[in-house]
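Colleague: Got a file for you: model.pdb, PDB, C-alpha atoms and all ligand atoms.
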```pdb
ATOM      1  CA  MET Y   1       0.000   0.000   0.000  1.00  0.00           C
ATOM      2  CA  LYS Y   2       1.218   3.496  -0.840  1.00  0.00           C
ATOM      3  CA  ASP Y   3       2.191   5.129   2.474  1.00  0.00           C
ATOM      4  CA  TYR Y   4       3.825   8.299   1.133  1.00  0.00           C
ATOM      5  CA  VAL Y   5       3.084  11.456  -0.814  1.00  0.00           C
ATOM      6  CA  ILE Y   6       5.401  13.194  -3.264  1.00  0.00           C
ATOM      7  CA  ARG Y   7       5.099  16.969  -3.595  1.00  0.00           C
ATOM      8  CA  GLN Y   8       7.098  20.004  -4.629  1.00  0.00           C
ATOM      9  CA  GLU Y   9       9.652  21.256  -2.125  1.00  0.00           C
ATOM     10  CA  ARG Y  10       8.696  24.510  -0.327  1.00  0.00           C
ATOM     11  CA  PRO Y  11      11.053  27.166   1.048  1.00  0.00           C
ATOM     12  CA  GLU Y  12      10.146  26.171   4.606  1.00  0.00           C
ATOM     13  CA  ASP Y  13      11.439  22.625   3.852  1.00  0.00           C
ATOM     14  CA  TYR Y  14      14.914  23.766   2.801  1.00  0.00           C
ATOM     15  CA  GLY Y  15      16.677  23.279   6.145  1.00  0.00           C
ATOM     16  CA  THR Y  16      15.024  19.902   6.801  1.00  0.00           C
ATOM     17  CA  VAL Y  17      15.847  18.675   3.302  1.00  0.00           C
ATOM     18  CA  GLU Y  18      19.475  19.817   3.515  1.00  0.00           C
ATOM     19  CA  ASN Y  19      19.840  17.927   6.787  1.00  0.00           C
ATOM     20  CA  LEU Y  20      18.219  14.825   5.272  1.00  0.00           C
ATOM     21  CA  VAL Y  21      20.591  14.949   2.307  1.00  0.00           C
ATOM     22  CA  ARG Y  22      23.537  15.337   4.668  1.00  0.00           C
ATOM     23  CA  GLU Y  23      22.424  12.356   6.765  1.00  0.00           C
ATOM     24  CA  SER Y  24      21.831  10.210   3.683  1.00  0.00           C
ATOM     25  CA  PHE Y  25      25.089  10.979   1.837  1.00  0.00           C
ATOM     26  CA  TRP Y  26      27.360  11.238   4.861  1.00  0.00           C
ATOM     27  CA  ASN Y  27      30.465   9.004   4.440  1.00  0.00           C
ATOM     28  CA  VAL Y  28      28.849   7.188   1.462  1.00  0.00           C
ATOM     29  CA  TYR Y  29      31.024   8.483  -1.391  1.00  0.00           C
ATOM     30  CA  ARG Y  30      33.746  10.242   0.630  1.00  0.00           C
ATOM     31  CA  PRO Y  31      34.454  11.065   4.269  1.00  0.00           C
ATOM     32  CA  GLY Y  32      31.605  13.505   5.052  1.00  0.00           C
ATOM     33  CA  CYS Y  33      29.698  14.814   2.023  1.00  0.00           C
ATOM     34  CA  SER Y  34      29.065  17.912  -0.057  1.00  0.00           C
ATOM     35  CA  GLU Y  35      25.557  17.236  -1.402  1.00  0.00           C
ATOM     36  CA  HIS Y  36      23.696  19.294   1.237  1.00  0.00           C
ATOM     37  CA  TYR Y  37      25.680  22.351   0.152  1.00  0.00           C
ATOM     38  CA  VAL Y  38      25.213  21.471  -3.534  1.00  0.00           C
ATOM     39  CA  ILE Y  39      21.420  21.501  -3.196  1.00  0.00           C
ATOM     40  CA  HIS Y  40      21.594  24.718  -1.169  1.00  0.00           C
ATOM     41  CA  MET Y  41      23.284  26.339  -4.185  1.00  0.00           C
ATOM     42  CA  LEU Y  42      21.374  24.592  -6.987  1.00  0.00           C
ATOM     43  CA  ARG Y  43      17.976  25.933  -5.954  1.00  0.00           C
ATOM     44  CA  ASP Y  44      19.069  29.444  -6.978  1.00  0.00           C
ATOM     45  CA  ASP Y  45      20.693  28.340 -10.225  1.00  0.00           C
ATOM     46  CA  PRO Y  46      19.012  29.502 -13.459  1.00  0.00           C
ATOM     47  CA  ALA Y  47      19.216  25.903 -14.763  1.00  0.00           C
ATOM     48  CA  PHE Y  48      17.259  24.548 -11.774  1.00  0.00           C
ATOM     49  CA  VAL Y  49      13.845  23.047 -12.640  1.00  0.00           C
ATOM     50  CA  LYS Y  50      11.490  24.238  -9.891  1.00  0.00           C
ATOM     51  CA  GLU Y  51       8.595  22.000 -11.006  1.00  0.00           C
ATOM     52  CA  LEU Y  52      10.855  18.958 -10.518  1.00  0.00           C
ATOM     53  CA  ASP Y  53      12.145  19.920  -7.065  1.00  0.00           C
ATOM     54  CA  LEU Y  54      10.421  17.097  -5.198  1.00  0.00           C
ATOM     55  CA  VAL Y  55      10.184  15.736  -1.690  1.00  0.00           C
ATOM     56  CA  MET Y  56       8.679  12.482  -0.459  1.00  0.00           C
ATOM     57  CA  GLU Y  57       6.703  12.566   2.791  1.00  0.00           C
ATOM     58  CA  LYS Y  58       5.663   9.690   5.023  1.00  0.00           C
ATOM     59  CA  ASP Y  59       3.518  10.310   8.109  1.00  0.00           C
ATOM     60  CA  GLY Y  60       4.096  14.040   7.670  1.00  0.00           C
ATOM     61  CA  VAL Y  61       7.908  13.658   7.735  1.00  0.00           C
ATOM     62  CA  ILE Y  62      10.163  14.291   4.727  1.00  0.00           C
ATOM     63  CA  ILE Y  63      11.979  11.033   3.981  1.00  0.00           C
ATOM     64  CA  GLY Y  64      13.307  11.654   0.471  1.00  0.00           C
ATOM     65  CA  GLN Y  65      14.112  14.276  -2.134  1.00  0.00           C
ATOM     66  CA  ASN Y  66      15.054  14.575  -5.783  1.00  0.00           C
ATOM     67  CA  MET Y  67      15.845  17.478  -8.130  1.00  0.00           C
ATOM     68  CA  PHE Y  68      16.718  18.190 -11.755  1.00  0.00           C
ATOM     69  CA  MET Y  69      18.767  20.721 -13.738  1.00  0.00           C
ATOM     70  CA  ARG Y  70      18.622  21.683 -17.404  1.00  0.00           C
ATOM     71  CA  THR Y  71      21.805  21.011 -19.337  1.00  0.00           C
ATOM     72  CA  VAL Y  72      23.008  20.121 -22.838  1.00  0.00           C
ATOM     73  CA  ILE Y  73      24.737  17.612 -25.043  1.00  0.00           C
ATOM     74  CA  ASP Y  74      27.173  19.284 -27.441  1.00  0.00           C
ATOM     75  CA  SER Y  75      26.592  17.075 -30.441  1.00  0.00           C
ATOM     76  CA  ASP Y  76      29.397  16.137 -32.801  1.00  0.00           C
ATOM     77  CA  ASP Y  77      27.584  17.801 -35.702  1.00  0.00           C
ATOM     78  CA  GLY Y  78      27.671  21.169 -33.914  1.00  0.00           C
ATOM     79  CA  ASN Y  79      24.133  21.237 -32.513  1.00  0.00           C
ATOM     80  CA  VAL Y  80      23.227  21.758 -28.873  1.00  0.00           C
ATOM     81  CA  ILE Y  81      20.701  19.244 -27.539  1.00  0.00           C
ATOM     82  CA  ASP Y  82      18.675  20.220 -24.474  1.00  0.00           C
ATOM     83  CA  VAL Y  83      18.519  17.498 -21.833  1.00  0.00           C
ATOM     84  CA  LEU Y  84      18.034  17.147 -18.087  1.00  0.00           C
ATOM     85  CA  THR Y  85      20.360  15.941 -15.430  1.00  0.00           C
ATOM     86  CA  MET Y  86      19.174  14.689 -12.065  1.00  0.00           C
ATOM     87  CA  GLY Y  87      20.171  14.616  -8.435  1.00  0.00           C
ATOM     88  CA  PRO Y  88      21.051  14.494  -5.766  1.00  0.00           C
ATOM     89  CA  ILE Y  89      18.327  11.996  -4.898  1.00  0.00           C
ATOM     90  CA  CYS Y  90      18.182  10.434  -1.467  1.00  0.00           C
ATOM     91  CA  ILE Y  91      16.110   8.479   1.003  1.00  0.00           C
ATOM     92  CA  ALA Y  92      16.453   8.707   4.793  1.00  0.00           C
ATOM     93  CA  PRO Y  93      19.090   6.206   5.977  1.00  0.00           C
ATOM     94  CA  ALA Y  94      16.666   4.216   8.151  1.00  0.00           C
ATOM     95  CA  LEU Y  95      14.302   3.697   5.207  1.00  0.00           C
ATOM     96  CA  LYS Y  96      16.729   2.677   2.471  1.00  0.00           C
ATOM     97  CA  ARG Y  97      16.108  -0.488   0.438  1.00  0.00           C
ATOM     98  CA  ARG Y  98      12.361  -0.557   0.997  1.00  0.00           C
ATOM     99  CA  GLY Y  99      11.360   0.664  -2.441  1.00  0.00           C
ATOM    100  CA  TYR Y 100      10.945   4.366  -1.603  1.00  0.00           C
ATOM    101  CA  GLY Y 101      13.891   5.431  -3.765  1.00  0.00           C
ATOM    102  CA  LYS Y 102      12.543   3.644  -6.809  1.00  0.00           C
ATOM    103  CA  ALA Y 103       9.050   5.051  -6.214  1.00  0.00           C
ATOM    104  CA  LEU Y 104      10.435   8.609  -5.973  1.00  0.00           C
ATOM    105  CA  LEU Y 105      12.659   8.115  -9.012  1.00  0.00           C
ATOM    106  CA  ASP Y 106       9.864   6.682 -11.164  1.00  0.00           C
ATOM    107  CA  TYR Y 107       7.463   9.461 -10.159  1.00  0.00           C
ATOM    108  CA  SER Y 108      10.093  12.135 -10.902  1.00  0.00           C
ATOM    109  CA  ILE Y 109      10.925  10.694 -14.299  1.00  0.00           C
ATOM    110  CA  GLU Y 110       7.263  10.452 -15.250  1.00  0.00           C
ATOM    111  CA  LYS Y 111       6.750  14.076 -14.212  1.00  0.00           C
ATOM    112  CA  ALA Y 112       9.801  15.182 -16.223  1.00  0.00           C
ATOM    113  CA  ALA Y 113       8.448  13.328 -19.252  1.00  0.00           C
ATOM    114  CA  GLY Y 114       5.075  15.005 -18.755  1.00  0.00           C
ATOM    115  CA  LEU Y 115       6.782  18.400 -18.896  1.00  0.00           C
ATOM    116  CA  GLY Y 116       8.139  17.515 -22.337  1.00  0.00           C
ATOM    117  CA  TYR Y 117      11.824  16.934 -21.566  1.00  0.00           C
ATOM    118  CA  GLY Y 118      13.576  14.573 -23.996  1.00  0.00           C
ATOM    119  CA  ALA Y 119      16.241  12.728 -22.008  1.00  0.00           C
ATOM    120  CA  VAL Y 120      17.905  12.519 -18.582  1.00  0.00           C
ATOM    121  CA  LEU Y 121      21.612  11.827 -18.089  1.00  0.00           C
ATOM    122  CA  PHE Y 122      23.673  11.656 -14.887  1.00  0.00           C
ATOM    123  CA  GLU Y 123      26.273   9.777 -12.903  1.00  0.00           C
ATOM    124  CA  GLY Y 124      24.912   6.846 -10.909  1.00  0.00           C
ATOM    125  CA  ASN Y 125      24.888   3.164 -10.112  1.00  0.00           C
ATOM    126  CA  ILE Y 126      23.220   0.996 -12.769  1.00  0.00           C
ATOM    127  CA  ARG Y 127      22.144  -1.472 -10.055  1.00  0.00           C
ATOM    128  CA  PHE Y 128      19.634   1.087  -8.783  1.00  0.00           C
ATOM    129  CA  TYR Y 129      18.822   3.167 -11.883  1.00  0.00           C
ATOM    130  CA  GLY Y 130      18.767   0.186 -14.264  1.00  0.00           C
ATOM    131  CA  LYS Y 131      15.496  -0.890 -12.616  1.00  0.00           C
ATOM    132  CA  SER Y 132      13.905   2.365 -13.774  1.00  0.00           C
ATOM    133  CA  GLY Y 133      14.856   2.157 -17.435  1.00  0.00           C
ATOM    134  CA  PHE Y 134      18.300   3.763 -17.364  1.00  0.00           C
ATOM    135  CA  THR Y 135      21.172   2.321 -19.315  1.00  0.00           C
ATOM    136  CA  TYR Y 136      24.769   3.294 -20.071  1.00  0.00           C
ATOM    137  CA  ALA Y 137      24.955   6.637 -21.910  1.00  0.00           C
ATOM    138  CA  SER Y 138      27.623   5.078 -24.141  1.00  0.00           C
ATOM    139  CA  GLU Y 139      24.846   2.951 -25.668  1.00  0.00           C
ATOM    140  CA  PHE Y 140      23.320   6.199 -26.949  1.00  0.00           C
ATOM    141  CA  GLY Y 141      26.693   7.441 -28.264  1.00  0.00           C
ATOM    142  CA  ILE Y 142      26.932  10.109 -25.555  1.00  0.00           C
ATOM    143  CA  ARG Y 143      30.315  10.734 -23.919  1.00  0.00           C
ATOM    144  CA  TYR Y 144      31.083  12.265 -20.527  1.00  0.00           C
ATOM    145  CA  HIS Y 145      32.918  15.577 -20.708  1.00  0.00           C
ATOM    146  CA  GLY Y 146      36.608  15.321 -19.929  1.00  0.00           C
ATOM    147  CA  LEU Y 147      36.636  11.517 -19.714  1.00  0.00           C
ATOM    148  CA  PRO Y 148      39.346   9.828 -21.821  1.00  0.00           C
ATOM    149  CA  GLU Y 149      37.882   7.449 -24.418  1.00  0.00           C
ATOM    150  CA  GLU Y 150      39.498   4.347 -22.877  1.00  0.00           C
ATOM    151  CA  ALA Y 151      38.241   5.167 -19.357  1.00  0.00           C
ATOM    152  CA  ASP Y 152      35.391   3.255 -17.691  1.00  0.00           C
ATOM    153  CA  ALA Y 153      32.189   5.247 -18.319  1.00  0.00           C
ATOM    154  CA  SER Y 154      29.811   2.756 -16.712  1.00  0.00           C
ATOM    155  CA  PHE Y 155      28.881   5.357 -14.073  1.00  0.00           C
ATOM    156  CA  PHE Y 156      27.371   7.580 -16.755  1.00  0.00           C
ATOM    157  CA  LEU Y 157      23.713   6.735 -17.373  1.00  0.00           C
ATOM    158  CA  CYS Y 158      20.940   7.855 -19.691  1.00  0.00           C
ATOM    159  CA  ARG Y 159      17.234   7.413 -20.282  1.00  0.00           C
ATOM    160  CA  GLU Y 160      15.201   8.887 -23.099  1.00  0.00           C
ATOM    161  CA  LEU Y 161      11.883  10.427 -22.018  1.00  0.00           C
ATOM    162  CA  ILE Y 162      10.778  10.959 -25.613  1.00  0.00           C
ATOM    163  CA  PRO Y 163      11.465   7.698 -27.469  1.00  0.00           C
ATOM    164  CA  GLY Y 164      14.058   8.307 -30.200  1.00  0.00           C
ATOM    165  CA  TYR Y 165      15.041  11.745 -28.816  1.00  0.00           C
ATOM    166  CA  LEU Y 166      18.738  10.866 -29.071  1.00  0.00           C
ATOM    167  CA  ASP Y 167      18.495   8.915 -32.341  1.00  0.00           C
ATOM    168  CA  GLY Y 168      21.302   9.881 -34.692  1.00  0.00           C
ATOM    169  CA  ILE Y 169      22.989  12.040 -32.033  1.00  0.00           C
ATOM    170  CA  THR Y 170      26.520  11.493 -30.756  1.00  0.00           C
ATOM    171  CA  GLY Y 171      28.235  14.031 -28.582  1.00  0.00           C
ATOM    172  CA  VAL Y 172      29.475  15.191 -25.220  1.00  0.00           C
ATOM    173  CA  TYR Y 173      27.285  15.709 -22.170  1.00  0.00           C
ATOM    174  CA  GLN Y 174      28.076  18.692 -19.952  1.00  0.00           C
ATOM    175  CA  THR Y 175      27.593  18.598 -16.186  1.00  0.00           C
ATOM    176  CA  PRO Y 176      26.012  21.909 -15.112  1.00  0.00           C
ATOM    177  CA  HIS Y 177      28.531  24.172 -13.350  1.00  0.00           C
ATOM    178  CA  GLY Y 178      26.246  24.382 -10.320  1.00  0.00           C
ATOM    179  CA  TYR Y 179      27.282  20.890  -9.201  1.00  0.00           C
ATOM    180  CA  TYR Y 180      30.891  21.973  -8.703  1.00  0.00           C
ATOM    181  CA  VAL Y 181      31.532  23.391  -5.246  1.00  0.00           C
ATOM    182  CA  SER Y 182      34.751  24.100  -3.378  1.00  0.00           C
ATOM    183  CA  ASP Y 183      35.777  22.090  -0.328  1.00  0.00           C
ATOM    184  CA  GLU Y 184      36.214  25.337   1.617  1.00  0.00           C
ATOM    185  CA  ASP Y 185      32.631  26.433   0.900  1.00  0.00           C
ATOM    186  CA  VAL Y 186      31.323  22.983   1.879  1.00  0.00           C
ATOM    187  CA  GLU Y 187      33.281  23.115   5.147  1.00  0.00           C
ATOM    188  CA  ARG Y 188      31.940  26.557   5.975  1.00  0.00           C
ATOM    189  CA  PHE Y 189      28.356  25.509   5.234  1.00  0.00           C
ATOM    190  CA  ASP Y 190      28.718  22.208   7.080  1.00  0.00           C
ATOM    191  CA  SER Y 191      29.845  23.959  10.249  1.00  0.00           C
ATOM    192  CA  GLY Y 192      26.238  25.186  10.653  1.00  0.00           C
ATOM    193  CA  PHE Y 193      25.009  21.569  11.091  1.00  0.00           C
ATOM    194  CA  PRO Y 194      25.331  19.207  14.080  1.00  0.00           C
ATOM    195  CA  THR Y 195      28.823  17.716  14.380  1.00  0.00           C
ATOM    196  CA  LYS Y 196      29.261  14.388  12.593  1.00  0.00           C
ATOM    197  CA  GLU Y 197      32.360  12.238  12.304  1.00  0.00           C
ATOM    198  CA  LYS Y 198      33.967  11.952   8.886  1.00  0.00           C
ATOM    199  CA  LEU Y 199      35.134   8.415   8.243  1.00  0.00           C
ATOM    200  CA  ARG Y 200      37.210   6.853   5.500  1.00  0.00           C
ATOM    201  CA  LEU Y 201      35.236   3.714   4.586  1.00  0.00           C
ATOM    202  CA  PRO Y 202      35.553   0.984   1.974  1.00  0.00           C
ATOM    203  CA  GLY Y 203      33.574   1.655  -1.199  1.00  0.00           C
ATOM    204  CA  GLN Y 204      34.005   5.424  -1.150  1.00  0.00           C
ATOM    205  CA  ILE Y 205      34.989   6.771  -4.535  1.00  0.00           C
ATOM    206  CA  PHE Y 206      36.541  10.131  -3.636  1.00  0.00           C
TER
HETATM  207  C1  LIG A   1      20.274   5.429  -3.759  1.00  0.00           C
HETATM  208  C2  LIG A   1      18.977   5.567  -2.953  1.00  0.00           C
HETATM  209  C3  LIG A   1      18.258   6.856  -3.330  1.00  0.00           C
HETATM  210  C4  LIG A   1      18.097   4.358  -3.302  1.00  0.00           C
HETATM  211  O1  LIG A   1      16.898   4.461  -2.569  1.00  0.00           O
HETATM  212  P1  LIG A   1      16.315   3.182  -1.825  1.00  0.00           P
HETATM  213  O2  LIG A   1      14.987   3.522  -1.281  1.00  0.00           O
HETATM  214  O3  LIG A   1      17.343   2.694  -0.869  1.00  0.00           O
HETATM  215  O4  LIG A   1      16.218   2.160  -3.041  1.00  0.00           O
HETATM  216  P2  LIG A   1      15.051   1.104  -3.338  1.00  0.00           P
HETATM  217  O5  LIG A   1      14.706   0.335  -2.121  1.00  0.00           O
HETATM  218  O6  LIG A   1      13.914   1.775  -4.029  1.00  0.00           O
HETATM  219  O7  LIG A   1      15.849   0.174  -4.356  1.00  0.00           O
HETATM  220  C5  LIG A   1      15.272  -0.409  -5.480  1.00  0.00           C
HETATM  221  C6  LIG A   1      16.241  -1.413  -6.041  1.00  0.00           C
HETATM  222  O8  LIG A   1      17.432  -0.758  -6.519  1.00  0.00           O
HETATM  223  C7  LIG A   1      18.586  -1.535  -6.192  1.00  0.00           C
HETATM  224  N1  LIG A   1      19.452  -0.786  -5.261  1.00  0.00           N
HETATM  225  C8  LIG A   1      19.107   0.270  -4.476  1.00  0.00           C
HETATM  226  N2  LIG A   1      20.164   0.716  -3.795  1.00  0.00           N
HETATM  227  C9  LIG A   1      21.197  -0.075  -4.146  1.00  0.00           C
HETATM  228  C10 LIG A   1      22.562  -0.129  -3.786  1.00  0.00           C
HETATM  229  N3  LIG A   1      23.100   0.735  -2.901  1.00  0.00           N
HETATM  230  N4  LIG A   1      23.360  -1.097  -4.337  1.00  0.00           N
HETATM  231  C11 LIG A   1      22.823  -1.977  -5.202  1.00  0.00           C
HETATM  232  N5  LIG A   1      21.536  -1.996  -5.590  1.00  0.00           N
HETATM  233  C12 LIG A   1      20.740  -1.047  -5.077  1.00  0.00           C
HETATM  234  C13 LIG A   1      18.121  -2.809  -5.550  1.00  0.00           C
HETATM  235  O9  LIG A   1      17.965  -3.787  -6.535  1.00  0.00           O
HETATM  236  C14 LIG A   1      16.773  -2.400  -4.989  1.00  0.00           C
HETATM  237  O10 LIG A   1      15.891  -3.460  -4.863  1.00  0.00           O
HETATM  238  P3  LIG A   1      16.075  -4.521  -3.645  1.00  0.00           P
HETATM  239  O11 LIG A   1      16.284  -3.745  -2.378  1.00  0.00           O
HETATM  240  O12 LIG A   1      14.776  -5.283  -3.700  1.00  0.00           O
HETATM  241  O13 LIG A   1      17.270  -5.371  -4.006  1.00  0.00           O
HETATM  242  C15 LIG A   1      19.232   5.541  -1.420  1.00  0.00           C
HETATM  243  O14 LIG A   1      19.847   4.334  -1.066  1.00  0.00           O
HETATM  244  C16 LIG A   1      20.096   6.685  -0.927  1.00  0.00           C
HETATM  245  O15 LIG A   1      19.581   7.707  -0.515  1.00  0.00           O
HETATM  246  N6  LIG A   1      21.443   6.501  -0.909  1.00  0.00           N
HETATM  247  C17 LIG A   1      22.384   7.525  -0.417  1.00  0.00           C
HETATM  248  C18 LIG A   1      22.453   8.676  -1.352  1.00  0.00           C
HETATM  249  C19 LIG A   1      22.784   8.244  -2.762  1.00  0.00           C
HETATM  250  O16 LIG A   1      23.694   7.464  -2.993  1.00  0.00           O
HETATM  251  N7  LIG A   1      22.040   8.771  -3.743  1.00  0.00           N
HETATM  252  C20 LIG A   1      22.234   8.455  -5.149  1.00  0.00           C
HETATM  253  C21 LIG A   1      23.363   9.221  -5.708  1.00  0.00           C
HETATM  254  S1  LIG A   1      23.617   8.806  -7.421  1.00  0.00           S
END
```
Mind converting the file's structure to structure tokens?
Modeller:
Amino acid sequence: MKDYVIRQERPEDYGTVENLVRESFWNVYRPGCSEHYVIHMLRDDPAFVKELDLVMEKDGVIIGQNMFMRTVIDSDDGNVIDVLTMGPICIAPALKRRGYGKALLDYSIEKAAGLGYGAVLFEGNIRFYGKSGFTYASEFGIRYHGLPEEADASFFLCRELIPGYLDGITGVYQTPHGYYVSDEDVERFDSGFPTKEKLRLPGQIF
């Protein structure tokens, strides 16, 4: 039975959502995390898609969030193809692996498709996103900016929202600048949150 609602994020949610993101990403990809600061900055970015700034609520408590940004593929024939990128997406640590992430992802993607966007590309784990129709971007002939051709690009995923949107297109995907933040800015922002221990753990990628 569906025991959650998904709705647009409101300004009064910002602090709660930033703390949720911090709790969910903490020590997962690196000691500590930067994603709570990233979302703090993305919301004011001109490429941010307000209609797709979503939170998931269960029993009146926010347990998940997802957001999207507009970006482009610079195609090899000189055209610029409008696409979306996604994330961060997260679910509260205590509620992971119960299907909430997939439900939020599927809802978000359906909403993005309904708004007329053609494709979504981002960095992620195929074991989660593959269940929601994502595949390797290389299968669409899309390359990740700055990545040498021989490098492993299996982290770079894509899903068309309009079937055939990327037909006949090869090119380079650009990560929006808003996702790049400095360690110093993250540290400064993080100091406004409750103290948490940064740990170096197996499986971290940074
Ligand atoms: C990634 C995340 C959003 C997934 O949400 P979730 O609610 O835990 O995922 P779901 O329960 O809906 O998972 C659906 C399926 O995806 C796969 N999956 C999900 N997380 C996975 C993981 N970490 N490793 C491998 N497979 C995973 C599983 O097959 C899962 O089904 P199963 O539990 O029956 O095996 C959540 O774990 C999270 O917030 N992680 C920390 C932040 C993060 O990494 N965000 C993504 C950045 S790209």
Colleague: Using all atoms listed in the file, can you tell me which of Y:Gly64, Y:Ile162, Y:Ile169, Y:Gly116 comes closest to Y:Glu139?
Modeller: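 The closest residue to Y:Glu139 is Y:Ile169.
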Colleague: If you apply the PyMOL selection byres (((not hetatm)) within 10 of (chain A and resi 1)) to this file, what residues do you get, as a PyMOL selection string?
Modeller: chain Y and resi 20-29+35+63-66+86-106+122-132+155
Colleague: Dump C-alpha atoms for the selected residues as a short mmCIF file (atom, residue, chain, number, x, y, z; two decimals), in the coordinates of the input?
Modeller:
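Contents of result34.cif, freshly written:
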```cif
data_model
loop_
_atom_site.label_atom_id
_atom_site.label_comp_id
_atom_site.auth_asym_id
_atom_site.auth_seq_id
_atom_site.Cartn_x
_atom_site.Cartn_y
_atom_site.Cartn_z
CA LEU Y 20 18.22 14.82 5.27
CA VAL Y 21 20.59 14.95 2.31
CA ARG Y 22 23.54 15.34 4.67
CA GLU Y 23 22.42 12.36 6.76
CA SER Y 24 21.83 10.21 3.68
CA PHE Y 25 25.09 10.98 1.84
CA TRP Y 26 27.36 11.24 4.86
CA ASN Y 27 30.46 9.00 4.44
CA VAL Y 28 28.85 7.19 1.46
CA TYR Y 29 31.02 8.48 -1.39
CA GLU Y 35 25.56 17.24 -1.40
CA ILE Y 63 11.98 11.03 3.98
CA GLY Y 64 13.31 11.65 0.47
CA GLN Y 65 14.11 14.28 -2.13
CA ASN Y 66 15.05 14.58 -5.78
CA MET Y 86 19.17 14.69 -12.06
CA GLY Y 87 20.17 14.62 -8.44
CA PRO Y 88 21.05 14.49 -5.77
CA ILE Y 89 18.33 12.00 -4.90
CA CYS Y 90 18.18 10.43 -1.47
CA ILE Y 91 16.11 8.48 1.00
CA ALA Y 92 16.45 8.71 4.79
CA PRO Y 93 19.09 6.21 5.98
CA ALA Y 94 16.67 4.22 8.15
CA LEU Y 95 14.30 3.70 5.21
CA LYS Y 96 16.73 2.68 2.47
CA ARG Y 97 16.11 -0.49 0.44
CA ARG Y 98 12.36 -0.56 1.00
CA GLY Y 99 11.36 0.66 -2.44
CA TYR Y 100 10.94 4.37 -1.60
CA GLY Y 101 13.89 5.43 -3.76
CA LYS Y 102 12.54 3.64 -6.81
CA ALA Y 103 9.05 5.05 -6.21
CA LEU Y 104 10.44 8.61 -5.97
CA LEU Y 105 12.66 8.12 -9.01
CA ASP Y 106 9.86 6.68 -11.16
CA PHE Y 122 23.67 11.66 -14.89
CA GLU Y 123 26.27 9.78 -12.90
CA GLY Y 124 24.91 6.85 -10.91
CA ASN Y 125 24.89 3.16 -10.11
CA ILE Y 126 23.22 1.00 -12.77
CA ARG Y 127 22.14 -1.47 -10.06
CA PHE Y 128 19.63 1.09 -8.78
CA TYR Y 129 18.82 3.17 -11.88
CA GLY Y 130 18.77 0.19 -14.26
CA LYS Y 131 15.50 -0.89 -12.62
CA SER Y 132 13.90 2.37 -13.77
CA PHE Y 155 28.88 5.36 -14.07
#
```
Colleague: Could you put an axis-aligned box around every listed atom of stretch 116-132 of chain Y, padded by 3 Å on each side, and send me its centre and edge lengths in Å to one decimal, as JSON?
Modeller:
```
{"center_x": 17.2, "center_y": 8.0, "center_z": -16.4, "size_x": 24.1, "size_y": 25.0, "size_z": 21.2}
```
Colleague: Using the chain letters and residue numbers of this document, give as a PyMOL selection string the residues selected by the PyMOL selection byres (((chain Y and resi 53) around 8) and not hetatm).
Modeller: chain Y and resi 8-9+49-52+54-55+65-68
Colleague: With C-alpha atoms retained, write the just-selected residues as a PDB file, keeping the file's coordinate frame.
Modeller:
```pdb
ATOM      1  CA  GLN Y   8       7.098  20.004  -4.629  1.00  0.00           C
ATOM      2  CA  GLU Y   9       9.652  21.256  -2.125  1.00  0.00           C
ATOM      3  CA  VAL Y  49      13.845  23.047 -12.640  1.00  0.00           C
ATOM      4  CA  LYS Y  50      11.490  24.238  -9.891  1.00  0.00           C
ATOM      5  CA  GLU Y  51       8.595  22.000 -11.006  1.00  0.00           C
ATOM      6  CA  LEU Y  52      10.855  18.958 -10.518  1.00  0.00           C
ATOM      7  CA  LEU Y  54      10.421  17.097  -5.198  1.00  0.00           C
ATOM      8  CA  VAL Y  55      10.184  15.736  -1.690  1.00  0.00           C
ATOM      9  CA  GLN Y  65      14.112  14.276  -2.134  1.00  0.00           C
ATOM     10  CA  ASN Y  66      15.054  14.575  -5.783  1.00  0.00           C
ATOM     11  CA  MET Y  67      15.845  17.478  -8.130  1.00  0.00           C
ATOM     12  CA  PHE Y  68      16.718  18.190 -11.755  1.00  0.00           C
TER      13      PHE Y  68
END
```
Colleague: Hey, can you check how far atom CA of Y:Arg30 sits from atom CA of Y:Ala119?
Modeller: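 A separation of 28.7 Å between them.
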Colleague: So how many Å separate atom CA of Y:Phe193 and atom CA of Y:Gly178, to one decimal?
Modeller: 21.6 Å
Colleague: Evaluate the PyMOL selection byres (((chain Y and resi 172) around 9) and not hetatm) here and jot the selected residues down as a ChimeraX atom specification.
Modeller: /Y:72-76,141-146,170-171,173-174
Colleague: Just give me the gap between atom CA of Y:Val38 and atom CA of Y:Cys158 in Å, one decimal is fine.
Modeller: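 Straight-line distance from atom CA of Y:Val38 to atom CA of Y:Cys158 works out to 21.6 Å.
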Colleague: Looking at only C-alpha atoms, which of Y:Glu18, Y:Asp190, Y:Asp183, Y:Glu160 is the one that sits closest to Y:Val83?
Modeller: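 Going through Y:Glu18, Y:Asp190, Y:Asp183, Y:Glu160 one by one, the smallest distance to Y:Val83 is for Y:Glu160.
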Colleague: Let me make sure I understand: among Y:Glu12, Y:Asp82, Y:Asp3, Y:Glu184, which one has the smallest atom-to-atom distance to Y:Met56 if we use all atoms listed in the file?
Modeller: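 With all atoms listed in the file as the atom set, the closest residue is Y:Asp3.
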Colleague: Looking at only C-alpha atoms, which of Y:Asp152, Y:Thr85, Y:Gly168, Y:Cys33 is the one that sits closest to Y:Leu199?
Modeller: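 Under the stated criterion, the closest residue is Y:Cys33.
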Colleague: Given the point (6.8, 15.5, 1.3) in the file's coordinates, find the residues that have an atom at most 6 Å from it, counting all atoms listed in the file, and give them as a PDB file with C-alpha atoms, in the coordinates of the input.
Modeller:
```
ATOM      1  CA  VAL Y   5       3.084  11.456  -0.814  1.00  0.00           C
ATOM      2  CA  ILE Y   6       5.401  13.194  -3.264  1.00  0.00           C
ATOM      3  CA  ARG Y   7       5.099  16.969  -3.595  1.00  0.00           C
ATOM      4  CA  VAL Y  55      10.184  15.736  -1.690  1.00  0.00           C
ATOM      5  CA  MET Y  56       8.679  12.482  -0.459  1.00  0.00           C
ATOM      6  CA  GLU Y  57       6.703  12.566   2.791  1.00  0.00           C
ATOM      7  CA  ILE Y  62      10.163  14.291   4.727  1.00  0.00           C
TER       8      ILE Y  62
END
```
